[in-house]
Amino acid sequence: MAEIPLHKLAETLGATLDETARAVKISTFTGIIRDTRVDTGRLRGSWTTSTGRPKDSPERLDPTGAQAEAEVVGTVKGDTVDYISSNLPYSAIWEERDAMIAKNVARIDRNIREAIKENR
């Protein structure tokens with residue numbers, strides 16, 4: 001995937017690069033959470049957000065994803081390396097089947113490029 005021109009999006013939006021990067025991360029991470037299948041809510045609740053390195057997932061039932069999404073908003077910053085991860089053994093299986101991460105990264109990339117193109 002090509003480099004995402006966040007600085008151009010920030011200029012287009014009249015926002016700082018930090019604000020734009022944070023918004024993109026939040027949108028991507030919450031999109032992943034929302035696209036996660038729900039049976040008991042354990043998989044959706046297992047998504048955890050961290051800075052600097054991935055961390056172990058909590059044991060929580062979160063069928064709506066509200067707790068996981070609140071963690072995203074409270075954790076990510078524009079100028080840090082942030083991770084979203086799940087250490088449930090079956091999370092990789094569902095990621096392979098549903099492409100929760102890949103389709104959200106592609107969605108964000110497409111939206112950024114469209115916004116820049118429309119505001120030239």
# chains A, B, ... in the order shown; residues from 1 in each chain; ligands from 1
$ residues_around --residues "Gly45 in chain A" --least-positions-apart "3" --cutoff "8 Å" --atoms "only C-alpha atoms" --output "list in words"
Gly41, Arg42, Thr48, Pro58, Glu59, Arg60, Leu61, Asp62, Pro63, Gly65, Gln67 and Ala68 of chain A
$ residues_around --residues "range 88-91 of chain A" --least-positions-apart "4" --cutoff "8 Å" --atoms "only C-alpha atoms" --output "list in words"
Leu43, Ser46, Ser57 and Glu95 of chain A
$ atom_distance --atom1 "CA of Phe29 in chain A" --atom2 "CA of Glu118 in chain A"
24.8 Å
$ residues_around --residues "range 101-105 of chain A" --least-positions-apart "3" --cutoff "6 Å" --atoms "only C-alpha atoms" --output "list in words"
Thr28, Ile32 and Ile108 of chain A
$ closest_residue --among "A:Asp109, A:Asp79, A:Glu114, A:Asp98" --to "Asp18 in chain A" --atoms "only C-alpha atoms"
A:Asp79
$ select_by_dssp --residues "range 28-100 of chain A" --states "alpha helix (DSSP H)" --output "ChimeraX atom specification"
/A:28-34,42-46,66-75,91-98,100
$ write_last_selection --atoms "C-alpha atoms" --output "compact mmCIF listing (two decimals), in the first residue's frame"
# COMPACT_ATOMS: atom_id res chain seq x y z
CA THR A 28 -9.17 2.77 11.88
CA PHE A 29 -9.09 1.14 15.32
CA THR A 30 -12.78 1.72 16.09
CA GLY A 31 -13.65 0.43 12.61
CA ILE A 32 -11.80 -2.79 13.38
CA ILE A 33 -13.69 -3.15 16.66
CA ARG A 34 -17.06 -2.49 14.98
CA ARG A 42 -15.41 -11.82 24.09
CA LEU A 43 -13.63 -11.29 20.76
CA ARG A 44 -14.83 -7.70 20.38
CA GLY A 45 -13.88 -7.03 24.00
CA SER A 46 -10.43 -8.54 23.53
CA ALA A 66 -17.99 0.49 23.82
CA GLN A 67 -15.26 -0.37 26.34
CA ALA A 68 -12.73 -1.24 23.64
CA GLU A 69 -13.59 1.95 21.70
CA ALA A 70 -13.26 4.09 24.85
CA GLU A 71 -9.81 2.61 25.36
CA VAL A 72 -8.87 3.60 21.80
CA VAL A 73 -9.95 7.21 22.33
CA GLY A 74 -8.18 7.38 25.69
CA THR A 75 -4.93 5.85 24.46
CA SER A 91 -8.80 -13.78 16.59
CA ALA A 92 -6.37 -14.56 13.77
CA ILE A 93 -8.84 -17.02 12.24
CA TRP A 94 -11.60 -14.42 12.15
CA GLU A 95 -9.20 -11.77 10.83
CA GLU A 96 -8.28 -14.09 7.96
CA ARG A 97 -11.96 -14.74 7.18
CA ASP A 98 -13.35 -11.24 7.67
CA MET A 100 -11.33 -6.61 9.76
$ closest_residue --among "A:Lys25, A:Arg107, A:Lys8, A:Arg37" --to "Thr64 in chain A" --atoms "only C-alpha atoms"
A:Arg37
$ atom_distance --atom1 "CA of Thr80 in chain A" --atom2 "CA of Lys117 in chain A"
27.1 Å
$ select_by_dssp --residues "chain A" --states "strand (DSSP E)" --output "PyMOL selection string"
chain A and resi 48-51+82-85
$ closest_residue --among "A:His7, A:Ala15, A:Thr49, A:Arg113" --to "Lys77 in chain A" --atoms "only C-alpha atoms"
A:Thr49
$ closest_residue --among "A:Ala106, A:Asp39, A:Ala99, A:Thr51" --to "Val81 in chain A" --atoms "only C-alpha atoms"
A:Thr51
$ closest_residue --among "A:Thr40, A:Thr20, A:Arg110, A:Asp56" --to "Val76 in chain A" --atoms "only C-alpha atoms"
A:Thr20
$ atom_distance --atom1 "CA of Thr16 in chain A" --atom2 "CA of Tyr83 in chain A"
21.5 Å
